[in-house]
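Data first, discussion second: the structure below is written as structure tokens.
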Amino acid sequence: MTAAAVVSQADLENRPQFGWINVLKAGAAQLIVLHHLAFYGPMSDYVQPLWPELMDWLGGSARIAVQVFLVIGGFLVAKSLSPAGCPGIATPLQAVWRRYVKLAPPFLAATLLAAVITPVAGIWMLHDSMSAAVTLGQLSAHALLLHGVLGYESLSAGAWYVAIDFQLYLLTVSMLWLGGRLAGQRRMGWLMPLAVTVGITFSLLYFNLDAGWDNWAPYFFGSYGLGLMAWWASDPRRKPGAMTALMAMAAVPVLLALAIDYRSRIALALIVACALFLFGRARTPAQGRAWNVINALGRISYAVFLVHFPVSLLVNALFITYVPLEPTWQALGMLTAWGASLVAGAAFHRWVEVPLGRVVQSLVGKAGMRTVTA
């Protein structure tokens, strides 16, 4: 890694940010952590009588915060792969490989952490939220992001999302590639928005109504596709009529799906897509106390998502063993687990995710250079 590359990485945090996206990411990440703390227990079992309505909401409805990540994922992937919404992608296999090496190494590191911490927590606690002893096949399936598809138990509460994110990226690349083949030399600027609209429609009116599809990308494409459309519709180079048409194309199948079978998670996805359409491209200052905190929380959100479950499991085990089993004390335990998850996420981002990303990118770059030279 060259000095220039290191400097550019260090300067990245001081550049103008997509601040409102970081607001959404930071908020959604906290809700996911709190949802898992409330849902999996056992501390939350003792806290339930203290705040029954709050615990019920955190343990149930708060899980729809994942829709925020799905819509933002589509928004940023559109920015990366097809900023103008045109069909075609020059190197589809390389794009998929880059996505894999971005997601998988830190995910596998966090999975190994969970595999180690779970039996340690088992010294003090037996609970149905703890997975069984890890197997080589289970680890291999996680490394390939195929654990859900192959029917293996996830080693961490957020493991399913990483696999789905990769599937959705692969599906988007495939659509762009097929669109490019169909368009040929013709511009066909509306082809991809039309294709994504069809994808949203089928997702929400068929796949998303059947939980049997929840290990596959089509189940979630309705939300992800809204993010794609929000990026294309918010392009300032488009005329107002074109912007309105694109957002209408995205919104109509969603409203139809909600009329047929109302799902709060899909309603939230539409709200987030509208917010990104209005504010998603806005750049905000990197400096300032509030923005520093927001941008930092947004930056570590993936790391927090990866490591919070094993950390929370360990704090659960310690608190129910060594702390009085009273609602107030166990509520303090939940707050401790929340704070520890943020600290662990920040440490994981700094000392694992970022360095690992540099090493992998360097190895991939060298392999690419050797291929070109050969």
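In the structure tokens, each chain is lettered A, B, ... as it comes, each chain's residues begin at 1, and ligands are numbered from 1 in order of appearance.
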Sorted per-residue table, stretch 16-112 of chain A near stretch 273-293 of chain A, closest atoms and distance, 10 Å, only C-alpha atoms, as CSV:
residue,atom,partner,partner_atom,distance
A:Pro16,CA,A:Pro285,CA,5.0
A:Gln17,CA,A:Arg283,CA,5.3
A:Phe18,CA,A:Arg283,CA,5.0
A:Gly19,CA,A:Thr284,CA,5.2
A:Trp20,CA,A:Gly280,CA,6.4
A:Ile21,CA,A:Gly280,CA,6.1
A:Asn22,CA,A:Trp291,CA,9.2
A:Val23,CA,A:Trp291,CA,9.0
A:Leu24,CA,A:Leu276,CA,9.7
A:Ala26,CA,A:Val293,CA,9.4
A:Val68,CA,A:Ala273,CA,8.7
A:Val71,CA,A:Ala273,CA,6.4
A:Ile72,CA,A:Leu276,CA,8.0
A:Gly74,CA,A:Ala273,CA,9.7
A:Phe75,CA,A:Leu276,CA,7.9
A:Leu76,CA,A:Gly280,CA,9.5
A:Lys79,CA,A:Arg281,CA,9.8
Export of prior selection with C-alpha atoms as a JSON list (two decimals), in the first residue's frame:
[["chain", "number", "residue", "atom", "x", "y", "z"],
["A", 16, "PRO", "CA", -17.90, 16.34, 2.51],
["A", 17, "GLN", "CA", -20.16, 13.41, 3.36],
["A", 18, "PHE", "CA", -23.55, 12.07, 2.35],
["A", 19, "GLY", "CA", -24.59, 13.18, 5.80],
["A", 20, "TRP", "CA", -28.30, 12.39, 5.60],
["A", 21, "ILE", "CA", -27.50, 8.85, 4.48],
["A", 22, "ASN", "CA", -25.26, 8.54, 7.53],
["A", 23, "VAL", "CA", -28.13, 9.78, 9.72],
["A", 24, "LEU", "CA", -30.32, 6.97, 8.40],
["A", 26, "ALA", "CA", -26.61, 5.39, 12.20],
["A", 68, "VAL", "CA", -33.31, 1.40, 5.65],
["A", 71, "VAL", "CA", -33.01, 1.01, 0.26],
["A", 72, "ILE", "CA", -29.68, 2.76, 0.92],
["A", 74, "GLY", "CA", -29.80, 0.08, -3.82],
["A", 75, "PHE", "CA", -29.27, 3.85, -3.84],
["A", 76, "LEU", "CA", -25.49, 3.57, -3.50],
["A", 79, "LYS", "CA", -24.46, 5.48, -7.91]]
List as a ChimeraX atom specification the protein and nucleic acid residues near A:Ala242, meaning an atom at most 12 Å away when only C-alpha atoms are counted, but skip any in the same chain fewer than 3 places from it.
/A:189-190,193,229,232-239,245-249
Restrict the selected residues to all heavy atoms and save them as a compact mmCIF listing (two decimals), in the first residue's frame.
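So selection38.txt came out as:
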# COMPACT_ATOMS: atom_id res chain seq x y z
N GLY A 189 -32.24 4.77 -22.60
CA GLY A 189 -32.06 5.26 -21.24
C GLY A 189 -33.16 4.87 -20.27
O GLY A 189 -32.97 4.93 -19.05
N TRP A 190 -34.33 4.46 -20.78
CA TRP A 190 -35.43 4.08 -19.89
C TRP A 190 -35.51 2.57 -19.67
O TRP A 190 -36.36 2.09 -18.92
CB TRP A 190 -36.75 4.58 -20.46
CG TRP A 190 -36.92 6.06 -20.29
CD1 TRP A 190 -36.47 7.04 -21.13
CD2 TRP A 190 -37.53 6.72 -19.20
NE1 TRP A 190 -36.78 8.28 -20.64
CE2 TRP A 190 -37.44 8.12 -19.45
CE3 TRP A 190 -38.17 6.29 -18.03
CZ2 TRP A 190 -37.94 9.07 -18.57
CZ3 TRP A 190 -38.68 7.25 -17.16
CH2 TRP A 190 -38.56 8.61 -17.44
N PRO A 193 -34.68 1.60 -15.76
CA PRO A 193 -35.79 1.95 -14.86
C PRO A 193 -37.03 1.08 -15.07
O PRO A 193 -37.69 0.69 -14.10
CB PRO A 193 -36.05 3.42 -15.19
CG PRO A 193 -34.73 3.94 -15.64
CD PRO A 193 -34.12 2.80 -16.41
N MET A 229 -34.10 3.29 -7.96
CA MET A 229 -34.93 4.29 -8.64
C MET A 229 -34.76 5.68 -8.02
O MET A 229 -34.80 6.70 -8.71
CB MET A 229 -36.39 3.86 -8.59
CG MET A 229 -36.70 2.58 -9.36
SD MET A 229 -36.52 2.76 -11.15
CE MET A 229 -38.03 3.65 -11.53
N TRP A 232 -31.62 7.28 -9.51
CA TRP A 232 -31.82 7.72 -10.90
C TRP A 232 -32.79 8.89 -10.98
O TRP A 232 -32.59 9.81 -11.76
CB TRP A 232 -32.33 6.54 -11.72
CG TRP A 232 -31.32 5.45 -11.89
CD1 TRP A 232 -29.95 5.59 -11.88
CD2 TRP A 232 -31.56 4.06 -12.07
NE1 TRP A 232 -29.34 4.37 -12.04
CE2 TRP A 232 -30.30 3.40 -12.17
CE3 TRP A 232 -32.72 3.28 -12.17
CZ2 TRP A 232 -30.18 2.03 -12.35
CZ3 TRP A 232 -32.60 1.92 -12.36
CH2 TRP A 232 -31.34 1.30 -12.45
N ALA A 233 -33.83 8.88 -10.16
CA ALA A 233 -34.82 9.96 -10.21
C ALA A 233 -34.26 11.27 -9.67
O ALA A 233 -34.71 12.35 -10.08
CB ALA A 233 -36.07 9.56 -9.42
N SER A 234 -33.31 11.19 -8.76
CA SER A 234 -32.78 12.41 -8.14
C SER A 234 -31.64 13.03 -8.92
O SER A 234 -31.04 14.01 -8.47
CB SER A 234 -32.31 12.10 -6.71
OG SER A 234 -31.25 11.15 -6.72
N ASP A 235 -31.33 12.49 -10.09
CA ASP A 235 -30.26 13.04 -10.93
C ASP A 235 -30.61 14.48 -11.31
O ASP A 235 -31.61 14.72 -12.00
CB ASP A 235 -30.12 12.17 -12.19
CG ASP A 235 -28.90 12.56 -13.03
OD1 ASP A 235 -28.37 13.67 -12.83
OD2 ASP A 235 -28.49 11.74 -13.86
N PRO A 236 -29.81 15.46 -10.89
CA PRO A 236 -30.15 16.86 -11.17
C PRO A 236 -30.13 17.22 -12.64
O PRO A 236 -30.66 18.26 -13.04
CB PRO A 236 -29.09 17.65 -10.38
CG PRO A 236 -27.96 16.69 -10.21
CD PRO A 236 -28.57 15.33 -10.12
N ARG A 237 -29.55 16.35 -13.47
CA ARG A 237 -29.50 16.62 -14.91
C ARG A 237 -30.82 16.28 -15.60
O ARG A 237 -31.04 16.66 -16.75
CB ARG A 237 -28.37 15.83 -15.56
CG ARG A 237 -26.97 16.26 -15.09
CD ARG A 237 -25.91 15.28 -15.55
NE ARG A 237 -26.12 13.95 -14.98
CZ ARG A 237 -25.33 12.91 -15.21
NH1 ARG A 237 -24.28 13.04 -16.03
NH2 ARG A 237 -25.57 11.74 -14.66
N ARG A 238 -31.67 15.57 -14.89
CA ARG A 238 -32.97 15.21 -15.49
C ARG A 238 -33.94 16.38 -15.39
O ARG A 238 -33.88 17.19 -14.47
CB ARG A 238 -33.56 14.00 -14.77
CG ARG A 238 -32.78 12.71 -14.94
CD ARG A 238 -33.55 11.54 -14.36
NE ARG A 238 -32.75 10.33 -14.32
CZ ARG A 238 -32.63 9.48 -15.34
NH1 ARG A 238 -33.25 9.73 -16.48
NH2 ARG A 238 -31.87 8.40 -15.23
N LYS A 239 -34.85 16.42 -16.32
CA LYS A 239 -35.92 17.42 -16.26
C LYS A 239 -36.91 17.03 -15.17
O LYS A 239 -37.06 15.84 -14.84
CB LYS A 239 -36.63 17.51 -17.61
CG LYS A 239 -35.72 18.02 -18.74
CD LYS A 239 -36.48 18.08 -20.06
CE LYS A 239 -35.58 18.60 -21.18
NZ LYS A 239 -36.29 18.67 -22.48
N ALA A 245 -41.71 11.18 -13.23
CA ALA A 245 -42.10 9.91 -13.86
C ALA A 245 -41.37 8.74 -13.24
O ALA A 245 -41.97 7.68 -12.97
CB ALA A 245 -41.83 9.97 -15.36
N LEU A 246 -40.08 8.90 -12.97
CA LEU A 246 -39.31 7.81 -12.38
C LEU A 246 -39.78 7.47 -10.97
O LEU A 246 -39.91 6.29 -10.61
CB LEU A 246 -37.82 8.17 -12.37
CG LEU A 246 -37.11 8.10 -13.72
CD1 LEU A 246 -35.72 8.73 -13.65
CD2 LEU A 246 -37.00 6.65 -14.19
N MET A 247 -40.05 8.50 -10.16
CA MET A 247 -40.53 8.22 -8.81
C MET A 247 -41.93 7.62 -8.83
O MET A 247 -42.27 6.77 -8.00
CB MET A 247 -40.50 9.49 -7.97
CG MET A 247 -39.11 9.83 -7.43
SD MET A 247 -38.28 8.46 -6.57
CE MET A 247 -39.30 8.27 -5.11
N ALA A 248 -42.74 8.04 -9.80
CA ALA A 248 -44.08 7.45 -9.92
C ALA A 248 -43.98 5.98 -10.32
O ALA A 248 -44.73 5.14 -9.81
CB ALA A 248 -44.89 8.23 -10.95
N MET A 249 -43.05 5.67 -11.22
CA MET A 249 -42.85 4.28 -11.62
C MET A 249 -42.48 3.41 -10.43
O MET A 249 -42.90 2.25 -10.33
CB MET A 249 -41.75 4.20 -12.69
CG MET A 249 -42.15 4.74 -14.05
SD MET A 249 -40.72 4.96 -15.15
CE MET A 249 -40.09 3.28 -15.26
Who sits within 10 Å of A:Ile320, only C-alpha atoms, same chain under 6 positions skipped, as number ranges by chain:
A: 42-43, 46, 124-125, 326, 329-330, 333
Mind pulling up the distance from atom CA of A:Asp45 to atom CA of A:His127?
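Separation of atom CA of A:His127 and atom CA of A:Asp45: 11.6 Å.
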Nearest residue to A:Leu297 out of A:Leu168, A:Ala346, A:Ala104, A:Leu363, using only C-alpha atoms?
A:Ala346
Determine, counting only C-alpha atoms, which protein, DNA and RNA residues have an atom within 10 Å of an atom of A:Gly137; residues of the same chain fewer than 6 positions away are not included. Present the result as a compact mmCIF listing (two decimals) with C-alpha atoms, in the first residue's frame.
# COMPACT_ATOMS: atom_id res chain seq x y z
CA ALA A 143 -17.53 -17.83 3.80
CA HIS A 147 -25.49 -20.31 4.65
CA TYR A 152 -27.17 -23.80 7.78
Looking at A:Val173, A:Val198, A:Val149, A:Leu313, which one is nearest to A:Ser129, with distances taken over only C-alpha atoms?
A:Leu313
